[in-house]
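S.K.: One file is attached below, target22.cif, containing mmCIF, C-alpha atoms.
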```cif
data_work
#
loop_
_atom_site.label_atom_id
_atom_site.label_comp_id
_atom_site.auth_asym_id
_atom_site.auth_seq_id
_atom_site.Cartn_x
_atom_site.Cartn_y
_atom_site.Cartn_z
CA MET A 93 130.98 56.51 145.60
CA LYS A 94 133.72 57.03 143.03
CA ILE A 95 132.57 57.30 139.43
CA PHE A 96 135.04 55.77 136.99
CA PRO A 97 135.57 57.74 133.77
CA ARG A 98 133.99 56.52 130.55
CA ASP A 99 136.05 58.79 128.32
CA ARG A 100 134.83 57.39 125.01
CA TYR A 101 131.22 58.29 125.76
CA LEU A 102 131.96 61.50 127.63
CA LYS A 103 133.89 62.81 124.63
CA GLN A 104 130.90 62.04 122.38
CA LEU A 105 128.66 63.97 124.73
CA ILE A 106 131.04 66.89 125.01
CA SER A 107 131.39 67.11 121.23
CA PHE A 108 127.77 68.31 121.03
CA HIS A 109 128.12 70.91 123.80
CA GLY A 110 126.67 74.20 122.61
CA SER A 111 124.48 72.50 120.03
CA GLU A 112 120.70 72.81 119.97
CA LEU A 113 120.44 69.07 119.38
CA ILE A 114 118.94 67.04 122.21
CA ARG A 115 121.35 64.33 123.30
CA VAL A 116 119.71 60.98 124.04
CA ILE A 117 121.83 58.41 125.90
CA THR A 118 120.50 54.88 125.54
CA GLY A 119 121.77 51.48 126.57
CA MET A 120 120.87 48.37 128.50
CA ARG A 121 120.14 48.65 132.19
CA ARG A 122 123.18 49.04 134.46
CA SER A 123 125.51 49.91 131.58
CA GLY A 124 126.50 53.26 133.12
CA LYS A 125 124.10 55.83 131.65
CA SER A 126 123.41 57.57 134.95
CA SER A 127 127.12 57.74 135.76
CA LEU A 128 127.81 59.27 132.35
CA LEU A 129 125.23 61.96 133.02
CA LYS A 130 126.91 62.77 136.35
CA LEU A 131 130.31 62.89 134.66
CA TYR A 132 128.90 65.39 132.17
CA ARG A 133 127.44 67.47 135.00
CA ASP A 134 130.87 67.53 136.67
CA TRP A 135 132.47 68.56 133.36
CA LEU A 136 130.04 71.46 133.00
CA VAL A 137 130.86 72.70 136.51
CA ASN A 138 134.60 72.08 136.57
CA GLU A 139 135.64 72.70 132.97
CA LYS A 140 133.03 75.11 131.60
CA LYS A 141 132.47 76.88 134.94
CA ILE A 142 128.70 76.62 134.64
CA GLU A 143 127.04 77.63 137.90
CA GLU A 144 125.14 74.84 139.59
CA LYS A 145 121.97 76.93 139.68
CA ASN A 146 121.98 76.72 135.86
CA ILE A 147 122.06 72.91 135.89
CA VAL A 148 118.76 71.10 136.37
CA TYR A 149 119.64 67.47 137.15
CA ILE A 150 116.66 65.18 137.77
CA ASN A 151 116.64 61.44 138.33
CA PHE A 152 113.06 60.37 137.72
CA GLU A 153 113.55 57.15 139.67
CA SER A 154 113.77 59.24 142.84
CA LEU A 155 110.58 59.90 144.83
CA LYS A 156 111.89 63.42 145.32
CA TYR A 157 110.59 64.17 141.84
CA ALA A 158 107.41 62.09 141.95
CA ASN A 159 105.38 65.27 141.34
CA LEU A 160 107.15 65.82 138.01
CA THR A 161 106.14 62.63 136.22
CA GLU A 162 103.54 64.36 134.05
CA SER A 163 104.67 66.35 131.03
CA GLN A 164 102.91 69.57 132.05
CA SER A 165 104.25 69.55 135.61
CA LEU A 166 107.80 68.97 134.35
CA TYR A 167 107.43 71.76 131.80
CA ASP A 168 106.12 74.23 134.40
CA TYR A 169 108.86 73.33 136.89
CA VAL A 170 111.71 73.85 134.43
CA CYS A 171 110.23 77.03 132.96
CA GLY A 172 110.02 78.43 136.49
CA ILE A 173 113.71 77.72 137.09
CA SER A 174 114.65 79.13 133.68
CA ALA A 175 112.78 82.37 134.35
CA GLN A 176 114.36 82.69 137.78
CA VAL A 177 117.90 82.10 136.55
CA GLY A 178 117.50 84.34 133.52
CA THR A 179 120.32 82.70 131.56
CA LYS A 180 120.89 79.43 129.75
CA VAL A 181 120.01 76.29 131.69
CA TYR A 182 121.31 72.76 131.22
CA LEU A 183 118.66 70.07 131.57
CA LEU A 184 119.99 66.65 132.55
CA PHE A 185 117.11 64.19 132.81
CA ASP A 186 117.86 60.65 134.02
CA GLU A 187 115.37 57.85 133.23
CA ILE A 188 113.11 60.24 131.35
CA GLN A 189 110.80 57.40 130.27
CA ASN A 190 109.22 57.58 133.73
CA VAL A 191 107.54 60.86 132.72
CA LYS A 192 104.22 60.44 130.95
CA ASP A 193 104.31 62.05 127.49
CA TRP A 194 107.86 63.18 128.17
CA GLU A 195 108.46 63.82 124.47
CA LYS A 196 105.94 66.69 124.52
CA ALA A 197 107.58 68.33 127.54
CA VAL A 198 111.07 68.02 126.11
CA ASN A 199 110.04 69.38 122.72
CA ALA A 200 108.24 72.32 124.34
CA LEU A 201 111.22 73.12 126.58
CA ARG A 202 113.48 73.08 123.56
CA VAL A 203 111.25 75.68 121.91
CA ASP A 204 110.37 77.87 124.90
CA CYS A 205 113.54 77.92 127.03
CA ASP A 206 117.17 78.84 126.45
CA CYS A 207 118.52 75.41 127.25
CA GLU A 208 120.59 72.39 126.36
CA ILE A 209 119.01 69.00 126.97
CA VAL A 210 120.57 65.61 127.72
CA LEU A 211 118.38 62.57 128.41
CA THR A 212 118.95 59.01 129.51
CA GLY A 213 116.53 56.13 129.45
CA SER A 214 115.94 52.53 128.51
CA ASN A 215 116.23 51.51 124.87
CA ALA A 216 112.75 50.05 124.84
CA ARG A 217 111.11 53.41 125.49
CA LEU A 218 113.51 55.91 123.93
CA LEU A 219 113.79 54.12 120.60
CA SER A 220 110.05 54.09 120.04
CA GLY A 221 108.38 55.55 116.98
CA GLU A 222 107.13 58.46 119.09
CA LEU A 223 110.67 59.69 119.64
CA ALA A 224 111.45 59.68 115.95
CA THR A 225 108.14 61.41 115.16
CA LEU A 226 108.20 64.21 117.75
CA LEU A 227 111.92 64.90 117.85
CA ALA A 228 112.89 64.02 114.27
CA GLY A 229 116.02 65.89 113.24
CA ARG A 230 116.32 67.49 116.67
CA TYR A 231 118.22 64.85 118.59
CA VAL A 232 121.36 62.76 118.40
CA GLY A 233 121.62 59.33 119.98
CA ILE A 234 124.58 58.12 122.03
CA GLN A 235 124.36 54.37 122.55
CA MET A 236 126.20 53.14 125.61
CA PHE A 237 127.52 49.62 126.09
CA PRO A 238 128.98 47.80 129.10
CA LEU A 239 132.73 48.00 129.64
CA SER A 240 135.12 47.14 126.86
CA PHE A 241 138.02 44.92 127.89
CA ASP A 242 140.31 47.97 128.13
CA GLU A 243 137.82 49.64 130.48
CA PHE A 244 137.39 46.36 132.34
CA LEU A 245 141.14 46.27 133.03
CA GLU A 246 141.07 49.89 134.20
CA PHE A 247 138.29 49.09 136.65
CA ARG A 248 140.21 46.10 138.05
CA LYS A 249 143.79 47.37 138.00
CA SER A 250 143.84 47.90 141.77
CA SER A 251 143.36 44.14 142.23
CA GLY A 252 146.79 43.45 140.72
CA GLU A 253 145.58 40.24 139.12
CA ASP A 254 147.13 38.65 136.05
CA ILE A 255 145.72 39.83 132.70
CA HIS A 256 144.77 36.26 131.80
CA LYS A 257 142.65 35.97 134.93
CA SER A 258 141.04 39.30 134.09
CA PHE A 259 140.23 38.08 130.60
CA ASP A 260 138.72 34.88 131.99
CA ALA A 261 136.55 36.97 134.32
CA PHE A 262 135.55 39.26 131.44
CA LEU A 263 134.48 36.29 129.32
CA ARG A 264 132.63 34.68 132.20
CA PHE A 265 130.81 37.65 133.72
CA GLY A 266 130.85 40.44 131.12
CA GLY A 267 131.48 44.12 131.62
CA LEU A 268 128.61 45.61 133.64
CA PRO A 269 130.23 48.37 135.76
CA GLY A 270 128.17 47.42 138.82
CA LEU A 271 130.08 44.17 139.17
CA HIS A 272 133.20 46.10 140.07
CA GLU A 273 131.40 48.36 142.50
CA LEU A 274 130.30 45.23 144.34
CA GLN A 275 133.64 43.40 144.20
CA ALA A 276 131.56 40.37 145.02
CA SER A 277 132.19 36.65 145.14
CA PRO A 278 131.41 34.53 142.04
CA ARG A 279 128.13 33.42 143.62
CA ALA A 280 127.04 36.99 144.39
CA THR A 281 128.15 38.08 140.91
CA THR A 282 126.02 35.38 139.31
CA GLN A 283 123.05 36.49 141.42
CA TYR A 284 123.55 40.12 140.39
CA LEU A 285 123.67 39.20 136.70
CA SER A 286 120.55 37.06 137.08
CA ASP A 287 118.70 39.97 138.70
CA VAL A 288 119.76 42.34 135.91
CA PHE A 289 118.59 39.83 133.31
CA ASN A 290 115.21 39.47 135.01
CA SER A 291 114.86 43.23 135.25
CA VAL A 292 115.54 43.67 131.54
CA LEU A 293 113.17 40.85 130.67
CA LEU A 294 110.30 42.14 132.79
CA LYS A 295 110.68 45.91 132.41
CA ASP A 296 111.95 46.24 128.85
CA VAL A 297 110.50 43.21 127.10
CA VAL A 298 107.35 42.05 128.86
CA SER A 299 106.01 45.45 129.96
CA ARG A 300 106.75 47.02 126.59
CA ASN A 301 105.40 44.28 124.32
CA ASN A 302 102.74 42.77 126.61
CA PRO A 303 103.07 39.26 125.18
CA LYS A 304 100.08 36.97 125.57
CA LEU A 305 100.47 33.32 126.46
CA PRO A 306 98.79 30.88 124.04
#
```
Taking this structure as input, can you express it in the form of structure tokens?

M.R.:
Amino acid sequence: MKIFPRDRYLKQLISFHGSELIRVITGMRRSGKSSLLKLYRDWLVNEKKIEEKNIVYINFESLKYANLTESQSLYDYVCGISAQVGTKVYLLFDEIQNVKDWEKAVNALRVDCDCEIVLTGSNARLLSGELATLLAGRYVGIQMFPLSFDEFLEFRKSSGEDIHKSFDAFLRFGGLPGLHELQASPRATTQYLSDVFNSVLLKDVVSRNNPKLP
């Protein structure tokens, strides 16, 4: 699947390349955080000529990494790779909030390994007080939003539609990148947006705050 460029955010990420600061990409679900991380990985390989063995890319929503969802197991796994490679490693962790006590692992890796670290995750978890406490002064946040109208037009330019129709669609449906991957009918688009809304409500609001009914 083709990944469309999000140059504004990629440039922010690149501007901190070589820094010891941990980069934390946050944003609402389906806003493009995972795609941005992949774009950065491609930039490391193609522009900086970093060997792929030096890049540790992990998506913690994949069952492939189900054994790494504890802080100690993640730490041991990465340290093993770092020792084997023997040079700087680039740690790209997608949906890091799925790792229990991830802040401890990330902080320890920052101290014990020659590495650069980029994380993505949901706002609800990554903007907690624990992040500010354990990583204070050691990270920089990059907040990602859905498509701007300029990006929206870039995504849809192959359709050849009139700019006024594009603007109407932008106002009606918003700028979640997934809508353009689907190229769905209005009914399917509405269903997709409803599912995203329910996911945000249940996973980021209800599960985080545990509200009690009166």

S.K.: Could you tell me which of A:Ile95, A:Val177, A:Val232, A:Leu227 comes closest to Gly124 (chain A) if we count only C-alpha atoms?

M.R.: A:Ile95

S.K.: Which residue gives the smallest distance to Asp186 (chain A) among A:Ser214, A:Ser126, A:Thr282, A:Ser107, with only C-alpha atoms counted?

M.R.: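 Closest to Asp186 (chain A) of all the choices is A:Ser126.
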
S.K.: From the options A:Asn190, A:Phe247, A:Ser258, A:Leu105, which residue's atoms come nearest to Trp135 (chain A), counting all atoms listed in the file?

M.R.: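 Between A:Asn190, A:Phe247, A:Ser258, A:Leu105, the residue approaching Trp135 (chain A) most closely is A:Leu105.
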
S.K.: For Ile114 (chain A), which residue among A:Ser277, A:Leu239, A:Cys205, A:Asn199 is the nearest when counting all atoms listed in the file?

M.R.: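 Checking each candidate against Ile114 (chain A), we get A:Asn199 as the closest.
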
S.K.: Which is closer to Ile106 (chain A) than all the others in A:Leu245, A:Leu128, A:Cys171, A:Val191, using all atoms listed in the file?

M.R.: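 Among the listed residues, A:Leu128 lies closest to Ile106 (chain A).
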